[in-house]
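Below is the file entry25.txt, which contains compact mmCIF, C-alpha atoms.
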```
# COMPACT_ATOMS: atom_id res chain seq x y z
CA MET A 186 93.78 231.15 -17.90
CA LYS A 187 94.78 229.12 -14.86
CA SER A 188 97.36 230.69 -12.60
CA TYR A 189 98.39 227.44 -10.89
CA GLY A 190 98.04 223.69 -11.32
CA SER A 191 95.45 222.20 -9.00
CA LEU A 192 97.17 218.82 -8.91
CA ARG A 193 100.49 220.36 -7.92
CA LEU A 194 98.75 222.35 -5.24
CA LEU A 195 97.20 219.13 -3.96
CA ALA A 196 100.61 217.47 -3.91
CA ILE A 197 101.93 220.39 -1.87
CA GLY A 198 98.90 220.02 0.39
CA ALA A 199 99.67 216.34 0.94
CA ALA A 200 103.28 217.19 1.78
CA ALA A 201 102.10 219.94 4.15
CA LEU A 202 99.74 217.53 5.90
CA VAL A 203 102.49 214.95 6.35
CA LEU A 204 104.72 217.73 7.70
CA GLU A 205 101.98 218.81 10.12
CA MET A 206 101.48 215.28 11.40
CA THR A 207 105.14 214.30 11.75
CA LEU A 208 107.73 217.05 12.22
CA LEU A 209 105.29 219.75 13.35
CA ALA A 210 103.14 217.42 15.47
CA ASP A 211 104.78 218.65 18.67
CA VAL A 212 104.76 222.30 17.63
CA ALA A 213 101.69 223.66 19.32
CA TRP A 214 100.86 227.00 20.88
CA ALA A 215 98.12 226.78 23.53
CA GLY A 216 97.24 223.40 22.03
CA ALA A 217 96.82 224.79 18.51
CA ARG A 218 98.88 223.65 15.56
CA PRO A 219 99.54 225.94 12.57
CA ASP A 220 97.00 225.13 9.87
CA LEU A 221 99.11 224.90 6.72
CA LEU A 222 96.28 223.61 4.56
CA VAL A 223 94.06 226.60 5.22
CA SER A 224 96.88 228.83 3.98
CA LEU A 225 96.89 226.79 0.78
CA VAL A 226 93.12 227.25 0.52
CA ALA A 227 93.64 231.00 0.90
CA PHE A 228 96.31 230.92 -1.81
CA ALA A 229 94.05 228.92 -4.13
CA ALA A 230 91.15 231.30 -3.61
CA LEU A 231 93.23 234.48 -3.89
CA PHE A 232 95.28 233.55 -6.96
CA ALA A 233 92.93 231.42 -9.07
CA ALA A 234 91.99 232.89 -12.44
CA GLU A 235 88.46 231.57 -12.04
CA PRO A 236 86.44 230.54 -9.00
CA SER A 237 85.80 226.93 -10.02
CA PRO A 238 89.39 225.62 -9.77
CA ALA A 239 89.75 227.49 -6.47
CA LEU A 240 86.66 225.82 -5.03
CA ALA A 241 87.72 222.40 -6.32
CA SER A 242 91.18 222.86 -4.78
CA ALA A 243 89.72 224.01 -1.45
CA TRP A 244 87.36 221.05 -1.36
CA ALA A 245 90.11 218.57 -2.26
CA LEU A 246 92.47 220.03 0.37
CA GLY A 247 89.73 219.61 2.97
CA LEU A 248 89.20 216.04 1.88
CA LEU A 249 92.94 215.45 2.34
CA ARG A 250 92.67 216.57 5.95
CA ASP A 251 89.61 214.38 6.41
CA LEU A 252 91.67 211.35 5.41
CA ALA A 253 93.82 211.65 8.52
CA THR A 254 91.23 212.31 11.18
CA ALA A 255 88.75 210.24 13.15
CA GLY A 256 85.95 212.69 12.34
CA PRO A 257 83.36 212.19 9.61
CA LEU A 258 84.62 212.16 6.03
CA GLY A 259 83.71 215.40 4.25
CA GLN A 260 83.71 217.62 7.34
CA TYR A 261 86.85 219.61 6.48
CA ALA A 262 86.01 219.41 2.77
CA LEU A 263 82.80 221.31 3.46
CA ILE A 264 84.47 223.79 5.82
CA TYR A 265 87.32 224.55 3.42
CA LEU A 266 84.88 224.79 0.52
CA VAL A 267 82.86 227.45 2.35
CA ILE A 268 86.07 229.30 3.23
CA GLY A 269 87.29 229.13 -0.39
CA TRP A 270 83.91 230.28 -1.66
CA THR A 271 83.88 233.23 0.75
CA ILE A 272 87.40 234.33 -0.21
CA THR A 273 86.68 234.12 -3.94
CA GLY A 274 83.56 236.20 -3.32
CA LEU A 275 85.58 238.82 -1.47
CA ARG A 276 88.40 238.95 -4.01
CA PRO A 277 87.24 242.17 -5.74
CA VAL A 278 87.77 244.06 -2.48
CA LEU A 279 91.03 242.35 -1.45
CA PHE A 280 94.55 243.44 -2.41
CA ARG A 281 95.93 239.94 -2.61
CA GLU A 282 99.63 240.83 -2.98
CA HIS A 283 99.80 242.66 0.34
CA PRO A 284 101.23 240.52 3.19
CA PHE A 285 98.77 242.04 5.65
CA THR A 286 95.86 240.92 3.48
CA GLN A 287 97.34 237.44 3.26
CA ALA A 288 97.88 237.32 7.04
CA ALA A 289 94.35 238.53 7.71
CA VAL A 290 92.78 236.12 5.25
CA GLY A 291 94.85 233.18 6.56
CA GLY A 292 94.19 234.03 10.20
CA ILE A 293 90.47 234.59 9.84
CA ALA A 294 90.12 231.47 7.71
CA ALA A 295 91.99 229.39 10.29
CA GLY A 296 89.86 230.82 13.09
CA ILE A 297 86.65 230.02 11.24
CA ALA A 298 87.92 226.54 10.32
CA GLY A 299 88.79 225.93 13.99
CA LEU A 300 85.41 227.05 15.30
CA ALA A 301 83.47 225.17 12.62
CA SER A 302 85.43 221.94 13.14
CA ALA A 303 84.95 222.27 16.91
CA ALA A 304 81.21 222.61 16.36
CA CYS A 305 81.25 219.51 14.12
CA THR A 306 83.28 217.55 16.70
CA SER A 307 80.85 218.56 19.44
CA ALA A 308 77.92 217.52 17.28
CA PHE A 309 79.32 214.18 16.12
CA THR A 310 81.37 212.93 19.09
CA GLY A 311 81.22 214.87 22.34
CA GLY A 312 81.38 218.30 23.84
CA VAL A 313 84.48 220.41 23.42
CA PRO A 314 84.64 222.99 26.27
CA LEU A 315 83.75 226.44 24.97
CA GLY A 316 86.73 228.16 26.59
CA MET A 317 89.19 225.73 25.07
CA CYS A 318 87.46 226.01 21.72
CA LEU A 319 87.82 229.81 21.68
CA VAL A 320 91.40 229.87 22.96
CA ARG A 321 92.60 227.16 20.61
CA SER A 322 90.85 228.59 17.56
CA GLY A 323 92.30 232.00 18.40
CA SER A 324 95.79 230.54 18.78
CA SER A 325 95.50 228.62 15.54
CA ALA A 326 94.33 231.81 13.80
CA ALA A 327 97.27 233.78 15.20
CA VAL A 328 99.88 231.18 14.25
CA THR A 329 98.39 230.71 10.79
CA ALA A 330 98.23 234.49 10.28
CA LEU A 331 101.96 234.63 10.95
CA LEU A 332 102.73 231.77 8.57
CA ALA A 333 100.27 232.53 5.76
CA PRO A 334 102.11 235.50 4.15
CA PHE A 335 105.34 233.47 3.93
CA LEU A 336 103.62 230.43 2.46
CA ILE A 337 101.45 232.40 0.03
CA THR A 338 104.36 234.60 -1.10
CA LEU A 339 106.50 231.50 -1.57
CA LEU A 340 103.86 229.83 -3.71
CA ALA A 341 103.17 233.01 -5.67
CA ARG A 342 106.86 233.71 -6.36
CA VAL A 343 108.33 230.24 -6.80
CA ARG A 344 106.15 229.38 -9.75
CA PHE A 345 107.55 225.97 -10.60
CA LEU A 346 106.05 224.68 -7.35
CA VAL A 347 102.48 225.14 -8.47
CA ARG A 348 102.46 225.66 -12.25
CA MET B 80 70.18 238.87 -12.08
CA ARG B 81 73.18 236.98 -13.41
CA ARG B 82 74.47 234.21 -11.18
CA ARG B 83 78.15 234.22 -10.21
CA ARG B 84 80.16 231.39 -11.76
CA GLY B 85 81.62 230.14 -8.47
CA THR B 86 78.26 229.28 -6.98
CA LEU B 87 77.71 226.68 -9.68
CA ALA B 88 80.67 224.61 -8.51
CA ALA B 89 80.16 225.17 -4.78
CA GLY B 90 76.71 223.63 -4.61
CA PRO B 91 77.54 220.14 -5.91
CA LEU B 92 80.77 220.00 -3.90
CA ALA B 93 78.91 220.98 -0.71
CA ALA B 94 76.32 218.32 -1.48
CA VAL B 95 79.07 215.71 -1.96
CA SER B 96 80.66 216.78 1.36
CA MET B 97 77.40 216.38 3.21
CA ALA B 98 76.74 213.04 1.55
CA LEU B 99 80.21 211.89 2.65
CA MET B 100 79.53 213.09 6.21
CA ALA B 101 76.34 211.07 6.25
CA LEU B 102 78.19 207.85 5.42
CA PRO B 103 78.80 205.53 8.40
CA ALA B 104 82.33 205.69 9.85
CA ALA B 105 82.60 201.94 9.38
CA TRP B 106 82.61 202.54 5.62
CA THR B 107 84.84 205.59 5.45
CA GLN B 108 87.47 204.81 8.07
CA PRO B 109 89.05 201.58 6.70
CA PRO B 110 90.29 203.21 3.45
CA ARG B 111 91.59 206.15 5.48
CA LEU B 112 93.39 203.79 7.85
CA VAL B 113 95.07 202.08 4.90
CA LEU B 114 96.30 205.51 3.79
CA SER B 115 97.55 206.23 7.31
CA GLY B 116 99.62 203.06 7.07
CA VAL B 117 101.51 204.72 4.22
CA LEU B 118 102.96 207.11 6.79
CA SER B 119 104.58 204.29 8.76
CA PRO B 120 107.97 204.53 6.99
CA LEU B 121 108.13 208.18 8.08
CA ALA B 122 107.62 207.15 11.69
CA ARG B 123 110.71 204.93 11.64
CA PRO B 124 114.05 206.32 12.76
CA PRO B 125 116.03 207.83 9.89
CA SER B 126 118.98 205.52 10.69
CA SER B 127 116.98 202.51 9.51
CA LEU B 128 116.50 203.97 6.03
CA GLY B 129 120.12 203.59 5.02
CA ARG B 130 120.38 199.97 6.14
CA GLY B 131 119.74 198.53 2.70
CA LEU B 132 122.40 200.64 1.04
CA THR B 133 125.39 199.04 2.75
CA GLY B 134 126.93 195.62 2.09
CA GLY B 135 129.42 193.87 -0.19
CA ALA B 136 132.52 192.56 1.61
CA THR B 137 135.99 193.47 0.23
CA ARG B 138 139.43 193.06 1.70
CA SER B 139 140.83 196.56 1.63
CA ALA B 140 141.57 198.16 5.00
CA ALA B 141 139.19 201.03 4.43
CA GLU B 142 136.37 198.74 3.53
CA LEU B 143 137.11 196.38 6.42
CA GLN B 144 136.94 199.37 8.72
CA ARG B 145 133.64 200.31 7.17
CA ASP B 146 132.38 196.74 7.64
CA LEU B 147 133.49 196.87 11.25
CA ASP B 148 131.66 200.13 11.78
CA TYR B 149 128.63 198.60 10.15
CA GLU B 150 128.75 195.53 12.42
CA MET B 151 129.18 197.75 15.46
CA SER B 152 126.18 199.77 14.40
CA ARG B 153 124.22 196.53 13.94
CA ASN B 154 125.21 195.50 17.47
CA LEU B 155 123.94 198.81 18.75
CA GLU B 156 120.77 198.25 16.80
CA LYS B 157 120.39 194.82 18.40
CA ASP B 158 121.00 196.33 21.85
CA ALA B 159 118.25 198.82 21.14
CA LYS B 160 115.98 196.01 19.98
CA ILE B 161 116.70 193.98 23.12
CA ALA B 162 115.95 197.05 25.25
CA LYS B 163 112.71 197.53 23.36
CA LEU B 164 111.72 193.88 23.81
CA GLN B 165 112.55 194.13 27.53
CA GLU B 166 110.34 197.20 27.77
CA GLN B 167 107.52 195.34 26.01
CA LEU B 168 107.96 192.39 28.37
CA GLU B 169 107.80 194.74 31.36
CA ALA B 170 104.68 196.32 29.87
CA VAL B 171 102.97 192.95 29.45
CA THR B 172 104.04 191.87 32.97
CA ALA B 173 102.76 195.11 34.50
CA ALA B 174 99.46 194.75 32.65
CA ARG B 175 99.07 191.10 33.68
CA GLN B 176 99.62 192.00 37.33
CA THR B 177 96.61 194.33 37.17
CA ILE B 178 94.39 192.19 34.95
CA ARG B 179 93.27 189.17 36.95
CA ASP B 180 90.70 187.87 34.49
CA PRO B 181 92.24 184.85 32.66
CA LYS B 182 89.88 185.41 29.73
CA LEU B 183 91.56 188.71 28.94
CA THR B 184 94.71 188.62 26.89
CA THR B 185 96.81 191.30 25.24
CA VAL B 186 97.87 191.98 21.65
CA LEU B 187 101.03 194.01 21.13
CA ALA B 188 100.73 196.75 18.52
CA GLY B 189 103.08 199.44 17.28
CA VAL B 190 102.08 203.08 17.09
CA VAL B 191 102.16 204.24 13.46
CA VAL B 192 100.81 207.79 13.48
CA GLN B 193 100.65 209.59 16.80
CA THR B 194 98.44 212.53 15.89
CA ASP B 195 95.07 213.32 14.41
CA SER B 196 94.84 215.98 11.71
CA SER B 197 91.96 217.64 13.57
CA MET B 198 93.01 219.70 16.60
CA TRP B 199 89.83 218.67 18.43
CA ARG B 200 90.39 214.93 18.29
CA ARG B 201 92.97 212.91 20.23
CA THR B 202 93.52 209.73 18.26
CA PHE B 203 96.42 207.67 16.97
CA VAL B 204 96.85 204.77 14.57
CA ILE B 205 98.25 201.35 15.49
CA ASP B 206 99.52 198.65 13.15
CA ALA B 207 97.08 195.93 14.26
CA GLY B 208 93.64 195.40 12.81
CA SER B 209 90.85 192.89 12.49
CA THR B 210 93.24 190.25 11.13
CA ARG B 211 94.86 190.15 14.59
CA GLY B 212 91.61 190.03 16.51
CA ILE B 213 91.22 193.74 17.17
CA ARG B 214 87.61 194.88 17.58
CA GLN B 215 85.96 198.24 18.18
CA GLY B 216 85.77 199.35 21.80
CA GLN B 217 88.64 197.22 23.13
CA PRO B 218 90.73 198.97 25.81
CA VAL B 219 94.29 199.97 24.90
CA LEU B 220 96.97 199.86 27.59
CA TRP B 221 100.54 200.90 28.15
CA HIS B 222 101.93 198.94 31.09
CA ASN B 223 99.06 199.16 33.60
CA HIS B 224 97.78 202.48 32.27
CA LEU B 225 94.58 202.70 30.28
CA ILE B 226 95.40 205.09 27.45
CA GLY B 227 92.36 204.74 25.20
CA PHE B 228 89.92 202.59 23.27
CA VAL B 229 89.93 201.17 19.77
CA GLY B 230 87.69 203.46 17.75
CA VAL B 231 87.67 202.14 14.19
CA VAL B 232 89.21 198.93 12.93
CA GLY B 233 90.68 198.28 9.49
CA PRO B 234 92.15 195.00 8.29
CA TRP B 235 95.76 195.84 9.21
CA SER B 236 95.49 199.00 11.27
CA SER B 237 93.15 200.63 13.75
CA ARG B 238 92.49 204.09 15.08
CA VAL B 239 92.59 204.45 18.86
CA ALA B 240 90.82 207.27 20.72
CA LEU B 241 92.88 208.47 23.69
CA ILE B 242 91.16 209.02 27.04
CA THR B 243 91.38 212.75 26.33
CA ASP B 244 89.37 212.41 23.08
CA PRO B 245 85.84 213.90 23.35
CA LYS B 246 84.36 210.58 22.28
CA VAL B 247 85.74 208.65 25.27
CA VAL B 248 83.77 208.10 28.45
CA VAL B 249 84.95 205.63 31.09
CA GLY B 250 83.94 204.81 34.64
CA ALA B 251 86.61 206.00 37.08
CA MET B 252 87.51 206.23 40.74
CA ALA B 253 89.46 209.13 42.20
CA VAL B 254 91.57 207.88 45.06
CA ALA B 255 92.65 210.62 47.47
CA ARG B 256 96.16 210.77 48.84
CA ALA B 257 96.60 209.01 52.19
CA THR B 258 96.29 211.48 55.04
CA SER B 259 98.79 211.81 57.87
CA GLY B 260 96.08 210.95 60.40
CA GLY B 261 96.14 207.36 59.25
CA SER B 262 92.57 207.34 57.97
CA LEU B 263 91.81 205.33 54.85
CA PRO B 264 92.03 207.31 51.61
CA GLY B 265 88.64 208.34 50.22
CA ARG B 266 87.35 207.00 46.92
CA ASP B 267 84.95 208.92 44.70
CA LEU B 268 83.12 207.13 41.94
CA CYS B 269 82.69 209.25 38.83
CA VAL B 270 82.98 209.27 35.06
CA LEU B 271 86.06 210.37 33.13
CA GLU B 272 85.33 212.24 29.91
CA GLY B 273 87.73 213.46 27.25
CA THR B 274 87.69 217.12 26.30
CA GLY B 275 89.82 217.17 23.17
CA GLY B 276 92.54 219.00 25.08
CA ALA B 277 95.57 217.77 27.01
CA MET B 278 93.41 216.94 30.03
CA ALA B 279 90.27 214.96 30.67
CA SER B 280 87.60 215.90 33.17
CA LEU B 281 85.76 213.95 35.85
CA LYS B 282 81.99 214.23 35.69
CA TRP B 283 79.42 213.53 38.33
CA ALA B 284 81.86 213.80 41.22
CA SER B 285 79.86 215.13 44.15
CA ALA B 286 80.72 218.60 45.42
CA ASP B 287 81.85 217.17 48.77
CA ALA B 288 84.17 214.65 47.09
CA THR B 289 87.26 213.99 49.14
CA ALA B 290 89.58 213.41 46.19
CA GLY B 291 91.16 216.77 45.45
CA ASP B 292 94.39 217.93 43.90
CA GLY B 293 96.88 215.12 43.47
CA ALA B 294 94.34 212.30 43.70
CA THR B 295 95.07 209.30 41.52
CA VAL B 296 92.35 208.34 39.05
CA VAL B 297 91.92 204.66 38.20
CA THR B 298 89.33 202.68 36.29
CA SER B 299 86.30 201.23 37.98
CA PRO B 300 85.40 197.73 36.81
CA ASP B 301 83.23 197.47 33.71
CA PRO B 302 82.91 193.81 32.70
CA HIS B 303 80.62 194.65 29.79
CA ARG B 304 83.34 196.71 28.08
CA GLY B 305 86.15 194.45 29.32
CA ILE B 306 87.71 197.09 31.55
CA PRO B 307 89.32 195.67 34.70
CA GLU B 308 89.50 197.59 37.96
CA GLY B 309 92.52 199.61 38.92
CA LEU B 310 94.09 200.57 35.59
CA LEU B 311 95.79 203.93 35.99
CA LEU B 312 94.23 206.88 34.16
CA GLY B 313 95.80 210.06 35.51
CA ARG B 314 96.16 212.52 38.33
CA VAL B 315 93.77 215.26 39.44
CA THR B 316 95.47 218.60 38.81
CA GLY B 317 92.71 220.99 39.75
CA VAL B 318 89.08 221.10 40.78
CA SER B 319 86.77 223.76 39.42
CA ARG B 320 83.80 224.37 41.68
CA VAL B 321 80.95 225.19 39.39
CA ARG B 322 77.45 226.02 40.50
CA GLY B 323 75.44 222.94 41.31
CA PRO B 324 75.99 219.75 43.20
CA PHE B 325 78.93 218.47 41.16
CA ALA B 326 82.60 219.37 41.18
CA CYS B 327 84.60 219.21 37.95
CA PRO B 328 88.13 217.92 38.58
CA GLN B 329 90.64 218.10 35.72
CA VAL B 330 92.70 214.96 35.13
CA GLN B 331 96.18 214.96 33.62
CA PRO B 332 96.85 211.52 32.03
CA PHE B 333 100.02 209.82 33.24
CA VAL B 334 101.02 208.69 29.77
CA ASP B 335 101.99 211.03 26.95
CA ILE B 336 101.44 209.17 23.67
CA ARG B 337 104.38 211.00 22.09
CA GLY B 338 106.74 208.87 24.17
CA VAL B 339 105.06 205.55 23.40
CA ASP B 340 106.00 203.34 20.45
CA SER B 341 104.00 200.24 21.27
CA VAL B 342 100.77 199.55 23.14
CA LEU B 343 98.76 196.56 24.32
CA VAL B 344 95.22 195.96 23.15
CA LEU B 345 93.11 194.10 25.70
CA VAL B 346 91.31 191.28 23.93
CA ARG B 347 88.71 188.98 25.45
CA VAL B 348 89.30 185.35 24.56
CA ASP B 349 86.07 183.40 24.57
CA PRO B 350 86.44 179.65 24.90
```
In structure tokens, what does this structure look like?
Amino acid sequence: MKSYGSLRLLAIGAAALVLEMTLLADVAWAGARPDLLVSLVAFAALFAAEPSPALASAWALGLLRDLATAGPLGQYALIYLVIGWTITGLRPVLFREHPFTQAAVGGIAAGIAGLASAACTSAFTGGVPLGMCLVRSGSSAAVTALLAPFLITLLARVRFLVR
Amino acid sequence: MRRRRGTLAAGPLAAVSMALMALPAAWTQPPRLVLSGVLSPLARPPSSLGRGLTGGATRSAAELQRDLDYEMSRNLEKDAKIAKLQEQLEAVTAARQTIRDPKLTTVLAGVVVQTDSSMWRRTFVIDAGSTRGIRQGQPVLWHNHLIGFVGVVGPWSSRVALITDPKVVVGAMAVARATSGGSLPGRDLCVLEGTGGAMASLKWASADATAGDGATVVTSPDPHRGIPEGLLLGRVTGVSRVRGPFACPQVQPFVDIRGVDSVLVLVRVDP
């Protein structure tokens, strides 16, 4: 049984990306923007009935982010796929309904996504200063940890959005 | 041992991701730029969206009043357009005063998407592409400020890397503030590199460089890349003295892309 529609989740991801790049473009804390897509990856991995749709959704959400960046295509797809795979692997030990779990999963996922994408950027284009990399990834993790419980609860409760 | 079901799907997807990453940017960027162009209606002011909904002249007082309001709003719109054109004219004039080379001309382009979805890249998308003579590596100006370089070109749009993007490296001169003693301001030749943050950094500036806090950073001439001398880059806002022979000044660009709606692409015209 599938607990959400992958295509609807992708549509929400596209809307979230447009929101990030237009209205929320100037909302940054220590240079870090809230990573809405990683929260969706966390939702997909936490609430999927089976791992395969969760991984496909995570990969597709990453590919969406790749479409709007100057970096190599597939970079975020791979990062989000690894994050989705890790969360699905940890699901037996996670209490997914608890907001603290959702905040922790969202925050850690955003931090890892930030560090991994910084490493990719350094490898493919040029060096990102280590201090900035740590501060910005930490800020992104903190902001996403605050947002993730709201977004995940919204998607879990308002079922018509994703079913 | 039984294999978990998720690992079956993760492997092929990871392989596809890596295969995509291995593709040259020249293949993957044009379709992405076309998709970025889809966002252009969102970048327009909301007032312009309702323009097509009005119209149809009638004689009743209420409708005449509405027509009048509509015409007044169109006048305001024209005023705004005139102001915008004046600003563009000033931008071109300012750029022409700095660029002496008659073989260099400018192409006006609108900014479509001002941000990059990665927090480590500083790029934006303009609505001019190869059909208007845009090529990779061309400098992008706002007035007489160098704000970046064309990174990837699509047919109708291009992605520009700002001078704060980690991919950008440009020859620069830091010009110290004039001293009260009347001596000539010092000039330090160095290289400006983007960091992915709000500021760029100057590399290879010698530790005894005279240009400190407040120094103005301008371009040094690079005929090969079509960069004229003296285009403004930013201001030195701090110098970190690291171990070794080189200082590492931080440069705050003068121009914030969030306040820019059109830019000039510097194009070399070969006879």
Please find the residues of chain A near chain B - the criterion being any atom within 8 Å, counting all atoms listed in the file - and write them as JSON, numbers by chain.
{"A": [202, 203, 205, 206, 207, 210, 216, 217, 218, 235, 236, 237, 240, 241, 244, 250, 251, 252, 253, 254, 255, 256, 257, 258, 259, 260, 262, 263, 266, 267, 270, 273, 299, 302, 303, 306, 307, 310, 311, 312, 313, 314, 317]}
Within 9 Å of segment 332-339 of chain A, counting all atoms listed in the file, which residues show up once you throw out same-chain ones fewer than 2 positions away? Write them as a ChimeraX atom specification, please.
/A:219-221,223-225,227-228,282-292,327-330,341-344,346
Suppose you want the space between atom CA of Ile242 of chain B and atom CA of Asp180 of chain B; what is it in Å?
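Result for atom CA of Ile242 of chain B versus atom CA of Asp180 of chain B: 22.4 Å, one decimal.
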Need the shell around Lys182 of chain B: protein/DNA/RNA residues with any atom at most 8 Å away, counting only C-alpha atoms. Skip same-chain ones fewer than 5 positions apart. Format as a ChimeraX atom specification?
/B:347-349
Grab the atom CA of Leu249 of chain A to atom CA of Ala279 of chain B distance for me, in Å with one decimal place.
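Atom-to-atom, atom CA of Leu249 of chain A to atom CA of Ala279 of chain B, that is 28.5 Å.
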